[in-house]
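File shown: coords-v6.pdb (PDB, C-alpha atoms).
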```
ATOM      1  CA  MET A   1    -115.197  34.736 105.010
ATOM      2  CA  ASN A   2    -116.278  38.312 104.362
ATOM      3  CA  SER A   3    -119.732  39.804 104.914
ATOM      4  CA  LYS A   4    -120.694  39.405 101.232
ATOM      5  CA  GLN A   5    -119.854  35.697 101.326
ATOM      6  CA  LYS A   6    -121.918  35.321 104.502
ATOM      7  CA  TYR A   7    -124.788  37.107 102.749
ATOM      8  CA  VAL A   8    -124.502  34.666  99.793
ATOM      9  CA  ILE A   9    -124.575  31.613 102.088
ATOM     10  CA  ILE A  10    -127.530  32.894 104.138
ATOM     11  CA  SER A  11    -129.452  33.800 100.952
ATOM     12  CA  ALA A  12    -128.719  30.374  99.475
ATOM     13  CA  LEU A  13    -129.917  28.611 102.651
ATOM     14  CA  ILE A  14    -133.113  30.708 102.718
ATOM     15  CA  LEU A  15    -133.787  29.914  99.031
ATOM     16  CA  LEU A  16    -133.115  26.192  99.569
ATOM     17  CA  ALA A  17    -135.473  26.186 102.568
ATOM     18  CA  ALA A  18    -138.118  27.959 100.444
ATOM     19  CA  VAL A  19    -137.734  25.330  97.702
ATOM     20  CA  LEU A  20    -138.043  22.550 100.301
ATOM     21  CA  ILE A  21    -141.203  24.129 101.772
ATOM     22  CA  TRP A  22    -142.603  24.604  98.232
ATOM     23  CA  TRP A  23    -141.929  20.916  97.475
ATOM     24  CA  LEU A  24    -143.497  19.752 100.747
ATOM     25  CA  ALA A  25    -146.524  22.027 100.223
ATOM     26  CA  SER A  26    -146.944  20.596  96.710
ATOM     27  CA  GLY A  27    -147.421  17.133  98.166
ATOM     28  CA  GLY A  28    -143.868  15.961  98.833
ATOM     29  CA  GLU A  29    -143.853  13.705  95.758
ATOM     30  CA  ILE A  30    -140.573  12.148  94.634
ATOM     31  CA  LEU A  31    -141.423  12.490  90.942
ATOM     32  CA  SER A  32    -143.151  15.470  89.346
ATOM     33  CA  LYS A  33    -146.596  14.543  88.057
ATOM     34  CA  ASP A  34    -148.607  15.882  85.153
ATOM     35  CA  GLY A  35    -151.954  14.742  86.485
ATOM     36  CA  ILE A  36    -153.755  13.106  89.360
ATOM     37  CA  TRP A  37    -156.277  10.306  89.712
ATOM     38  CA  VAL A  38    -159.384  11.466  91.542
ATOM     39  CA  ASP A  39    -161.857   9.013  93.078
ATOM     40  CA  GLN A  40    -165.145   9.241  91.259
ATOM     41  CA  GLU A  41    -168.416   9.060  93.171
ATOM     42  CA  ILE A  42    -170.154   5.829  92.277
ATOM     43  CA  SER A  43    -173.556   6.137  90.597
ATOM     44  CA  GLU A  44    -176.629   4.198  91.701
ATOM     45  CA  LEU A  45    -176.589   2.294  88.417
ATOM     46  CA  ASP A  46    -172.935   1.309  88.858
ATOM     47  CA  LYS A  47    -173.788   0.108  92.379
ATOM     48  CA  ALA A  48    -176.647  -1.936  90.945
ATOM     49  CA  LEU A  49    -174.177  -3.352  88.397
ATOM     50  CA  GLY A  50    -171.937  -4.468  91.271
ATOM     51  CA  LEU A  51    -169.106  -2.180  90.184
ATOM     52  CA  GLU A  52    -166.455  -0.614  92.383
ATOM     53  CA  PRO A  53    -165.702   3.126  92.414
ATOM     54  CA  GLN A  54    -163.451   4.279  89.586
ATOM     55  CA  LYS A  55    -160.886   7.009  89.191
ATOM     56  CA  VAL A  56    -160.914   9.979  86.841
ATOM     57  CA  TYR A  57    -157.795  11.588  85.423
ATOM     58  CA  GLN A  58    -157.326  15.305  85.967
ATOM     59  CA  GLU A  59    -154.470  17.284  84.488
ATOM     60  CA  LYS A  60    -152.580  18.968  87.325
ATOM     61  CA  PHE A  61    -148.881  19.645  87.660
ATOM     62  CA  ILE A  62    -147.426  18.495  90.980
ATOM     63  CA  LEU A  63    -143.897  19.545  91.754
ATOM     64  CA  GLY A  64    -141.696  16.592  92.582
ATOM     65  CA  LEU A  65    -138.313  16.312  94.245
ATOM     66  CA  LEU A  66    -137.109  14.965  90.915
ATOM     67  CA  PRO A  67    -136.346  16.517  88.568
ATOM     68  CA  HIS A  68    -137.662  20.070  89.137
ATOM     69  CA  THR A  69    -136.849  20.750  92.795
ATOM     70  CA  ALA A  70    -133.459  19.068  92.463
ATOM     71  CA  VAL A  71    -132.633  21.186  89.402
ATOM     72  CA  ILE A  72    -133.715  24.434  91.137
ATOM     73  CA  SER A  73    -131.682  23.494  94.245
ATOM     74  CA  GLY A  74    -128.703  22.668  92.029
ATOM     75  CA  ILE A  75    -128.915  26.045  90.295
ATOM     76  CA  ILE A  76    -129.099  27.826  93.684
ATOM     77  CA  VAL A  77    -126.027  25.942  94.955
ATOM     78  CA  PHE A  78    -124.141  26.524  91.685
ATOM     79  CA  VAL A  79    -124.861  30.270  91.529
ATOM     80  CA  SER A  80    -124.097  30.658  95.263
ATOM     81  CA  ALA A  81    -120.772  28.857  94.828
ATOM     82  CA  ILE A  82    -119.799  31.123  91.915
ATOM     83  CA  LEU A  83    -120.777  34.270  93.872
ATOM     84  CA  PHE A  84    -118.917  32.959  96.926
ATOM     85  CA  PHE A  85    -115.691  32.602  94.974
ATOM     86  CA  ILE A  86    -116.174  35.906  93.098
ATOM     87  CA  PHE A  87    -116.468  37.758  96.391
ATOM     88  CA  LYS A  88    -113.504  35.806  97.794
ATOM     89  CA  SER A  89    -111.253  36.795  94.896
ATOM     90  CA  LYS A  90    -112.366  40.440  95.135
ATOM     91  CA  LYS A  91    -111.391  40.475  98.805
ATOM     92  CA  THR A  92    -108.043  38.864  97.986
ATOM     93  CA  LYS A  93    -107.414  41.497  95.305
ATOM     94  CA  GLU A  94    -108.358  44.296  97.714
ATOM     95  CA  LYS A  95    -105.825  42.939 100.273
ATOM     96  CA  LYS A  96    -103.088  42.832  97.646
TER      97      LYS A  96
ATOM     98  CA  MET B   1    -181.660 -47.342 104.534
ATOM     99  CA  LYS B   2    -180.483 -44.186 106.321
ATOM    100  CA  THR B   3    -177.301 -44.236 104.293
ATOM    101  CA  ILE B   4    -179.286 -44.460 101.050
ATOM    102  CA  ILE B   5    -181.504 -41.506 102.105
ATOM    103  CA  LYS B   6    -178.470 -39.417 103.137
ATOM    104  CA  THR B   7    -176.679 -40.234  99.886
ATOM    105  CA  SER B   8    -179.772 -39.367  97.861
ATOM    106  CA  ILE B   9    -180.155 -36.024  99.648
ATOM    107  CA  LEU B  10    -176.490 -35.214  99.116
ATOM    108  CA  LEU B  11    -176.772 -36.173  95.459
ATOM    109  CA  LEU B  12    -179.872 -34.001  95.046
ATOM    110  CA  VAL B  13    -178.107 -31.048  96.675
ATOM    111  CA  ALA B  14    -175.024 -31.593  94.534
ATOM    112  CA  VAL B  15    -177.080 -31.896  91.340
ATOM    113  CA  SER B  16    -179.185 -28.835  92.150
ATOM    114  CA  MET B  17    -176.024 -26.859  92.971
ATOM    115  CA  SER B  18    -174.390 -27.877  89.732
ATOM    116  CA  PHE B  19    -177.390 -26.559  87.784
ATOM    117  CA  ALA B  20    -177.705 -23.295  89.732
ATOM    118  CA  GLN B  21    -174.946 -21.626  87.785
ATOM    119  CA  GLY B  22    -176.768 -18.911  86.000
ATOM    120  CA  PHE B  23    -178.821 -15.780  86.537
ATOM    121  CA  LYS B  24    -182.457 -15.785  87.532
ATOM    122  CA  VAL B  25    -183.570 -12.837  85.440
ATOM    123  CA  LYS B  26    -186.239 -12.075  82.827
ATOM    124  CA  ALA B  27    -183.844 -12.749  79.967
ATOM    125  CA  SER B  28    -183.048 -16.278  78.843
ATOM    126  CA  GLY B  29    -180.872 -18.134  76.359
ATOM    127  CA  GLU B  30    -177.631 -16.927  74.859
ATOM    128  CA  GLN B  31    -176.922 -13.221  75.142
ATOM    129  CA  THR B  32    -174.060 -11.230  73.673
ATOM    130  CA  PHE B  33    -172.865  -8.162  75.500
ATOM    131  CA  ASN B  34    -170.794  -5.465  73.829
ATOM    132  CA  PHE B  35    -168.463  -3.493  76.058
ATOM    133  CA  GLU B  36    -168.226  -0.122  74.380
ATOM    134  CA  ASP B  37    -169.025   2.222  77.256
ATOM    135  CA  LYS B  38    -166.422   4.981  77.555
ATOM    136  CA  ARG B  39    -166.677   4.698  81.346
ATOM    137  CA  ASN B  40    -165.197   1.193  81.176
ATOM    138  CA  GLN B  41    -161.868   1.154  82.948
ATOM    139  CA  VAL B  42    -158.914  -1.137  83.493
ATOM    140  CA  LYS B  43    -156.491  -0.280  86.277
ATOM    141  CA  PHE B  44    -152.900  -1.530  86.629
ATOM    142  CA  PHE B  45    -151.340  -1.171  90.070
ATOM    143  CA  SER B  46    -147.700  -1.623  91.024
ATOM    144  CA  THR B  47    -146.386  -1.191  94.540
ATOM    145  CA  THR B  48    -142.739  -1.061  95.621
ATOM    146  CA  PRO B  49    -141.080   0.482  98.693
ATOM    147  CA  LEU B  50    -139.920   3.295  96.392
ATOM    148  CA  GLU B  51    -143.139   4.128  94.617
ATOM    149  CA  ASP B  52    -146.774   3.127  94.001
ATOM    150  CA  ILE B  53    -147.838   3.449  90.382
ATOM    151  CA  THR B  54    -151.407   3.430  89.079
ATOM    152  CA  GLY B  55    -151.954   3.114  85.344
ATOM    153  CA  ILE B  56    -155.456   3.451  83.950
ATOM    154  CA  SER B  57    -156.999   2.892  80.551
ATOM    155  CA  ASN B  58    -160.478   4.015  79.563
ATOM    156  CA  ASP B  59    -160.118   2.632  76.052
ATOM    157  CA  VAL B  60    -161.482  -0.822  76.810
ATOM    158  CA  LYS B  61    -163.616  -2.748  74.376
ATOM    159  CA  GLY B  62    -164.832  -6.274  73.973
ATOM    160  CA  LYS B  63    -167.617  -8.734  73.589
ATOM    161  CA  VAL B  64    -168.872 -11.557  75.790
ATOM    162  CA  THR B  65    -171.427 -14.232  74.967
ATOM    163  CA  LEU B  66    -173.045 -16.240  77.729
ATOM    164  CA  ASP B  67    -176.011 -18.424  78.411
ATOM    165  CA  VAL B  68    -178.043 -16.577  81.023
ATOM    166  CA  THR B  69    -178.875 -19.797  82.859
ATOM    167  CA  ASP B  70    -175.377 -21.294  82.625
ATOM    168  CA  VAL B  71    -172.494 -18.856  82.673
ATOM    169  CA  LYS B  72    -169.973 -21.709  82.489
ATOM    170  CA  ASN B  73    -170.165 -21.506  78.718
ATOM    171  CA  MET B  74    -169.153 -17.848  78.632
ATOM    172  CA  LYS B  75    -166.899 -16.864  75.740
ATOM    173  CA  GLY B  76    -165.470 -13.590  74.571
ATOM    174  CA  SER B  77    -162.613 -11.195  74.953
ATOM    175  CA  ILE B  78    -161.694  -7.794  76.314
ATOM    176  CA  ILE B  79    -159.208  -5.533  74.524
ATOM    177  CA  ILE B  80    -157.246  -2.653  76.034
ATOM    178  CA  SER B  81    -155.382  -0.086  73.959
ATOM    179  CA  VAL B  82    -151.774   0.181  75.234
ATOM    180  CA  ALA B  83    -151.471   3.771  73.999
ATOM    181  CA  SER B  84    -154.392   4.804  76.197
ATOM    182  CA  ILE B  85    -152.746   3.826  79.496
ATOM    183  CA  LYS B  86    -152.007   6.877  81.639
ATOM    184  CA  THR B  87    -149.895   6.876  84.787
ATOM    185  CA  ALA B  88    -150.122  10.601  85.663
ATOM    186  CA  ILE B  89    -146.579  11.269  84.403
ATOM    187  CA  ASP B  90    -146.428  11.990  80.662
ATOM    188  CA  LEU B  91    -142.758  11.000  80.367
ATOM    189  CA  ARG B  92    -143.435   7.692  82.137
ATOM    190  CA  ASP B  93    -146.361   7.065  79.737
ATOM    191  CA  GLU B  94    -143.917   7.509  76.855
ATOM    192  CA  HIS B  95    -141.520   5.034  78.471
ATOM    193  CA  LEU B  96    -144.399   2.596  79.015
ATOM    194  CA  ARG B  97    -145.214   2.685  75.298
ATOM    195  CA  SER B  98    -141.563   2.207  74.287
ATOM    196  CA  ASP B  99    -139.855  -1.038  73.254
ATOM    197  CA  ASN B 100    -138.303  -1.331  76.731
ATOM    198  CA  TRP B 101    -141.760  -1.821  78.196
ATOM    199  CA  LEU B 102    -144.987  -2.616  76.349
ATOM    200  CA  SER B 103    -143.914  -1.874  72.731
ATOM    201  CA  ALA B 104    -147.162  -0.098  71.869
ATOM    202  CA  ASP B 105    -146.283   0.249  68.168
ATOM    203  CA  ALA B 106    -145.576  -3.456  67.677
ATOM    204  CA  TYR B 107    -148.218  -4.683  70.135
ATOM    205  CA  PRO B 108    -150.936  -2.012  70.356
ATOM    206  CA  GLU B 109    -153.361  -4.139  72.363
ATOM    207  CA  ILE B 110    -153.518  -6.078  75.599
ATOM    208  CA  THR B 111    -156.179  -8.792  75.457
ATOM    209  CA  PHE B 112    -157.960 -11.201  77.742
ATOM    210  CA  ALA B 113    -159.757 -14.026  75.929
ATOM    211  CA  VAL B 114    -162.092 -16.141  78.042
ATOM    212  CA  LYS B 115    -161.351 -19.883  77.911
ATOM    213  CA  ASN B 116    -163.446 -21.339  80.678
ATOM    214  CA  VAL B 117    -165.421 -20.466  83.779
ATOM    215  CA  GLY B 118    -165.220 -22.329  87.069
ATOM    216  CA  ASP B 119    -166.031 -22.086  90.778
ATOM    217  CA  VAL B 120    -169.333 -20.417  90.021
ATOM    218  CA  LYS B 121    -171.081 -18.997  93.093
ATOM    219  CA  VAL B 122    -174.555 -17.525  92.840
ATOM    220  CA  LEU B 123    -174.481 -14.513  95.162
ATOM    221  CA  GLU B 124    -177.913 -13.143  94.244
ATOM    222  CA  ASP B 125    -180.478 -13.869  91.533
ATOM    223  CA  ASN B 126    -178.660 -11.447  89.220
ATOM    224  CA  LYS B 127    -175.167 -11.642  90.663
ATOM    225  CA  ILE B 128    -172.574 -14.359  90.173
ATOM    226  CA  GLU B 129    -168.973 -14.726  91.234
ATOM    227  CA  ALA B 130    -166.683 -17.030  89.275
ATOM    228  CA  LYS B 131    -163.108 -17.796  88.456
ATOM    229  CA  VAL B 132    -162.608 -17.031  84.807
ATOM    230  CA  THR B 133    -159.607 -18.579  83.103
ATOM    231  CA  GLY B 134    -158.410 -16.805  80.022
ATOM    232  CA  ASP B 135    -155.496 -16.148  77.724
ATOM    233  CA  PHE B 136    -153.938 -12.848  78.733
ATOM    234  CA  THR B 137    -151.713 -11.351  76.054
ATOM    235  CA  VAL B 138    -149.167  -8.592  76.618
ATOM    236  CA  ARG B 139    -146.384  -7.721  74.140
ATOM    237  CA  GLY B 140    -147.508 -10.643  72.009
ATOM    238  CA  VAL B 141    -146.848 -13.105  74.831
ATOM    239  CA  THR B 142    -149.861 -15.132  75.937
ATOM    240  CA  LYS B 143    -150.208 -16.715  79.376
ATOM    241  CA  GLU B 144    -153.149 -18.469  80.952
ATOM    242  CA  THR B 145    -154.474 -16.284  83.757
ATOM    243  CA  VAL B 146    -157.261 -16.739  86.286
ATOM    244  CA  ALA B 147    -159.405 -13.747  87.202
ATOM    245  CA  VAL B 148    -161.912 -13.503  90.020
ATOM    246  CA  VAL B 149    -164.944 -12.015  88.337
ATOM    247  CA  THR B 150    -168.277 -10.738  89.607
ATOM    248  CA  LEU B 151    -170.997 -10.597  86.975
ATOM    249  CA  THR B 152    -174.186  -8.630  87.607
ATOM    250  CA  TYR B 153    -177.115  -8.852  85.203
ATOM    251  CA  LEU B 154    -179.671  -6.061  84.972
ATOM    252  CA  ASP B 155    -182.772  -6.473  82.832
ATOM    253  CA  ALA B 156    -183.524  -3.481  80.615
ATOM    254  CA  SER B 157    -185.339  -0.742  82.504
ATOM    255  CA  GLU B 158    -185.601   3.030  82.651
ATOM    256  CA  GLN B 159    -182.583   3.003  84.970
ATOM    257  CA  THR B 160    -180.383   0.881  82.670
ATOM    258  CA  ALA B 161    -181.350   3.077  79.701
ATOM    259  CA  GLN B 162    -179.208   5.807  81.302
ATOM    260  CA  TYR B 163    -176.177   3.862  80.079
ATOM    261  CA  ALA B 164    -177.396   1.958  77.058
ATOM    262  CA  PRO B 165    -180.470   0.307  75.573
ATOM    263  CA  GLY B 166    -181.015  -3.380  76.329
ATOM    264  CA  ASP B 167    -179.985  -5.471  79.301
ATOM    265  CA  LEU B 168    -176.760  -4.536  81.066
ATOM    266  CA  LEU B 169    -173.975  -6.745  82.365
ATOM    267  CA  GLY B 170    -171.632  -5.368  85.000
ATOM    268  CA  VAL B 171    -168.216  -7.010  85.201
ATOM    269  CA  GLN B 172    -165.862  -6.455  88.109
ATOM    270  CA  ALA B 173    -162.673  -8.483  87.673
ATOM    271  CA  LYS B 174    -159.358  -8.735  89.458
ATOM    272  CA  PHE B 175    -156.182 -10.714  88.786
ATOM    273  CA  ASN B 176    -152.428 -10.474  89.112
ATOM    274  CA  ILE B 177    -149.708 -10.953  86.517
ATOM    275  CA  ALA B 178    -145.915 -11.089  86.671
ATOM    276  CA  LEU B 179    -144.280  -8.753  84.135
ATOM    277  CA  SER B 180    -141.350 -11.156  83.782
ATOM    278  CA  ASN B 181    -143.777 -13.798  82.433
ATOM    279  CA  PHE B 182    -144.564 -11.467  79.553
ATOM    280  CA  GLU B 183    -140.944 -10.725  78.668
ATOM    281  CA  VAL B 184    -141.115  -7.246  80.179
ATOM    282  CA  GLU B 185    -137.655  -7.318  81.655
ATOM    283  CA  ASN B 186    -136.531  -3.817  82.449
ATOM    284  CA  MET B 187    -133.819  -2.883  84.921
ATOM    285  CA  VAL B 188    -136.295  -0.943  87.075
ATOM    286  CA  VAL B 189    -138.642  -3.940  87.421
ATOM    287  CA  GLY B 190    -138.446  -4.951  91.057
ATOM    288  CA  GLN B 191    -137.204  -1.496  92.098
ATOM    289  CA  LYS B 192    -139.439   1.348  90.944
ATOM    290  CA  VAL B 193    -141.919  -0.983  89.244
ATOM    291  CA  ALA B 194    -143.088  -4.226  90.841
ATOM    292  CA  ASP B 195    -142.822  -7.460  88.890
ATOM    293  CA  GLU B 196    -146.292  -8.398  90.106
ATOM    294  CA  ILE B 197    -148.988  -6.098  88.771
ATOM    295  CA  GLU B 198    -152.556  -6.098  90.071
ATOM    296  CA  ILE B 199    -155.124  -5.611  87.352
ATOM    297  CA  THR B 200    -158.700  -4.517  88.014
ATOM    298  CA  ALA B 201    -161.377  -4.225  85.349
ATOM    299  CA  THR B 202    -164.648  -2.348  85.788
ATOM    300  CA  LEU B 203    -166.852  -2.910  82.765
ATOM    301  CA  ARG B 204    -170.412  -2.268  81.599
ATOM    302  CA  GLY B 205    -171.828  -4.139  78.630
ATOM    303  CA  SER B 206    -175.110  -3.975  76.799
ATOM    304  CA  ASN B 207    -176.866  -6.661  74.760
ATOM    305  CA  ALA B 208    -178.639  -4.128  72.536
ATOM    306  CA  LYS B 209    -178.100  -4.905  68.841
TER     307      LYS B 209
END
```
Once more with this new file: its structure as structure tokens, please.
Amino acid sequence: MNSKQKYVIISALILLAAVLIWWLASGGEILSKDGIWVDQEISELDKALGLEPQKVYQEKFILGLLPHTAVISGIIVFVSAILFFIFKSKKTKEKK
Amino acid sequence: MKTIIKTSILLLVAVSMSFAQGFKVKASGEQTFNFEDKRNQVKFFSTTPLEDITGISNDVKGKVTLDVTDVKNMKGSIIISVASIKTAIDLRDEHLRSDNWLSADAYPEITFAVKNVGDVKVLEDNKIEAKVTGDFTVRGVTKETVAVVTLTYLDASEQTAQYAPGDLLGVQAKFNIALSNFEVENMVVGQKVADEIEITATLRGSNAK
């Protein structure tokens, strides 16, 4: 393994770690979501009507492990693998 | 003699209890409540080890007629638009509307039609809890379902006018269904989606004409 290949592997690991942190910071959801349900504060009249608190839909994209993070990770691994082999073949050529 | 007195007292209590199955409010007689408030909500909840899913519809309409002093004669139905159910994932909403799930094009509505009311408990003068048996229809399949329902009656006032003119009826209902009973047999049922779905309805109706 030459220095360029090492650089590719380290870069790939850093990028994968960044994607993992990004996913965890986004809520660590398995599936990406297009919105969230937010608990609505119950009004006095709803209380008087014996009703329970409701939820309100809010549009908000939440990154999920599937499919977005998995696709990004896949691309990183794929590109890193290609670069790894490109640098390997260059080294082999140089030796020859 | 003691036995006769005891029996009479028990009978009186039983008779009085059997009559105390309505609201003690200003209104009287038969009242029809229309549920057209856009705040009305029906929630579907599925829980599996893999994922919890909440689906909510705010397109809920219906009509209920009841005798204020005897809710046992309540009749009516509640209708939910299948297309309006949101689960917070647009793609999943599309799947939900497809033929593999609820077939929204062929069966655009989910309905609950009240058949009878039992186990009536008067919680307060204007609040009653009861078990409401009704025909629940999903995907064109109808099954008898029992919902635990709390009904709260509010006479018209300045406060109730915030929502609608006339008297208001609050309905808080909960019941469970099995998807397999309604011919919703998808390969992910039991894995990502539970077969048993908890349904909660939060409704406000007005008797204004």
Taking the file as shown, what set of residues would the ChimeraX specification (/A :<6) & /B give back, as a short mmCIF file (atom, residue, chain, number, x, y, z; two decimals) with C-alpha atoms, keeping the file's coordinate frame?
```
data_model
loop_
_atom_site.label_atom_id
_atom_site.label_comp_id
_atom_site.auth_asym_id
_atom_site.auth_seq_id
_atom_site.Cartn_x
_atom_site.Cartn_y
_atom_site.Cartn_z
CA ALA B 88 -150.12 10.60 85.66
CA ILE B 89 -146.58 11.27 84.40
CA THR B 152 -174.19 -8.63 87.61
CA GLY B 170 -171.63 -5.37 85.00
CA GLN B 172 -165.86 -6.46 88.11
#
```
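Counting all atoms listed in the file and comparing B:Ser84, B:Gln21, B:Asn40, B:Ser103, the residue that lies closest to Val71 in chain B is B:Gln21.
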- prompt: Smallest atom-to-atom distance to Lys174 in chain B: which of B:Lys43, B:Arg204, B:Lys72, B:Lys38, using all atoms listed in the file?
  reply: B:Lys43
- prompt: Phe84 in chain A: which residues within 9 Å, counting only C-alpha atoms, same-chain residues fewer than 2 positions away excluded, as a ChimeraX atom specification?
  reply: /A:4-6,8-9,79-82,86-89
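Interatomic distance, CA of Gly134 in chain B against CA of Ala147 in chain B: 7.9 Å.
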Give, as lines of an AutoDock Vina configuration file, the centre coordinates and the x, y and z edge lengths in Å to one decimal for an axis-aligned box around all listed atoms of range 42-51 of chain A, padded by 5 Å on each side.
```
center_x = -172.9
center_y = 0.8
center_z = 90.4
size_x = 17.5
size_y = 20.6
size_z = 14.0
```
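Closest to Val19 in chain A among A:Leu66, A:Val77, A:Ile72, A:Leu83 is A:Ile72, based on all atoms listed in the file.
Interatomic distance, CA of Leu63 in chain A to CA of Ile75 in chain A: 16.4 Å.
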task: Check what the PyMOL selection byres ((chain B and resi 67) around 10) selects in the file above and give those residues as a ChimeraX atom specification.
output: /B:21-23,27-32,65-66,68-75
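Nearest residue to Leu50 in chain B among B:Gln191, B:Thr87, B:Thr142, B:Thr202 is B:Gln191, counting all atoms listed in the file.
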Would you save range 67-86 of chain A from the block above with C-alpha atoms, as a PDB file, in the first residue's frame?
```
ATOM      1  CA  PRO A  67     -31.875   5.482   1.858  1.00  0.00           C
ATOM      2  CA  HIS A  68     -29.861   8.741   1.905  1.00  0.00           C
ATOM      3  CA  THR A  69     -27.030   8.008   4.345  1.00  0.00           C
ATOM      4  CA  ALA A  70     -26.598   4.500   2.953  1.00  0.00           C
ATOM      5  CA  VAL A  71     -26.390   5.864  -0.602  1.00  0.00           C
ATOM      6  CA  ILE A  72     -23.837   8.553   0.389  1.00  0.00           C
ATOM      7  CA  SER A  73     -21.762   5.940   2.271  1.00  0.00           C
ATOM      8  CA  GLY A  74     -21.974   3.623  -0.738  1.00  0.00           C
ATOM      9  CA  ILE A  75     -20.745   6.362  -3.072  1.00  0.00           C
ATOM     10  CA  ILE A  76     -17.829   7.134  -0.706  1.00  0.00           C
ATOM     11  CA  VAL A  77     -16.838   3.446  -0.560  1.00  0.00           C
ATOM     12  CA  PHE A  78     -17.230   3.045  -4.338  1.00  0.00           C
ATOM     13  CA  VAL A  79     -15.169   6.131  -5.233  1.00  0.00           C
ATOM     14  CA  SER A  80     -12.518   5.222  -2.620  1.00  0.00           C
ATOM     15  CA  ALA A  81     -12.255   1.697  -4.033  1.00  0.00           C
ATOM     16  CA  ILE A  82     -11.793   3.031  -7.578  1.00  0.00           C
ATOM     17  CA  LEU A  83      -9.136   5.540  -6.423  1.00  0.00           C
ATOM     18  CA  PHE A  84      -7.426   2.808  -4.393  1.00  0.00           C
ATOM     19  CA  PHE A  85      -7.056   0.590  -7.441  1.00  0.00           C
ATOM     20  CA  ILE A  86      -6.091   3.495  -9.742  1.00  0.00           C
TER      21      ILE A  86
END
```
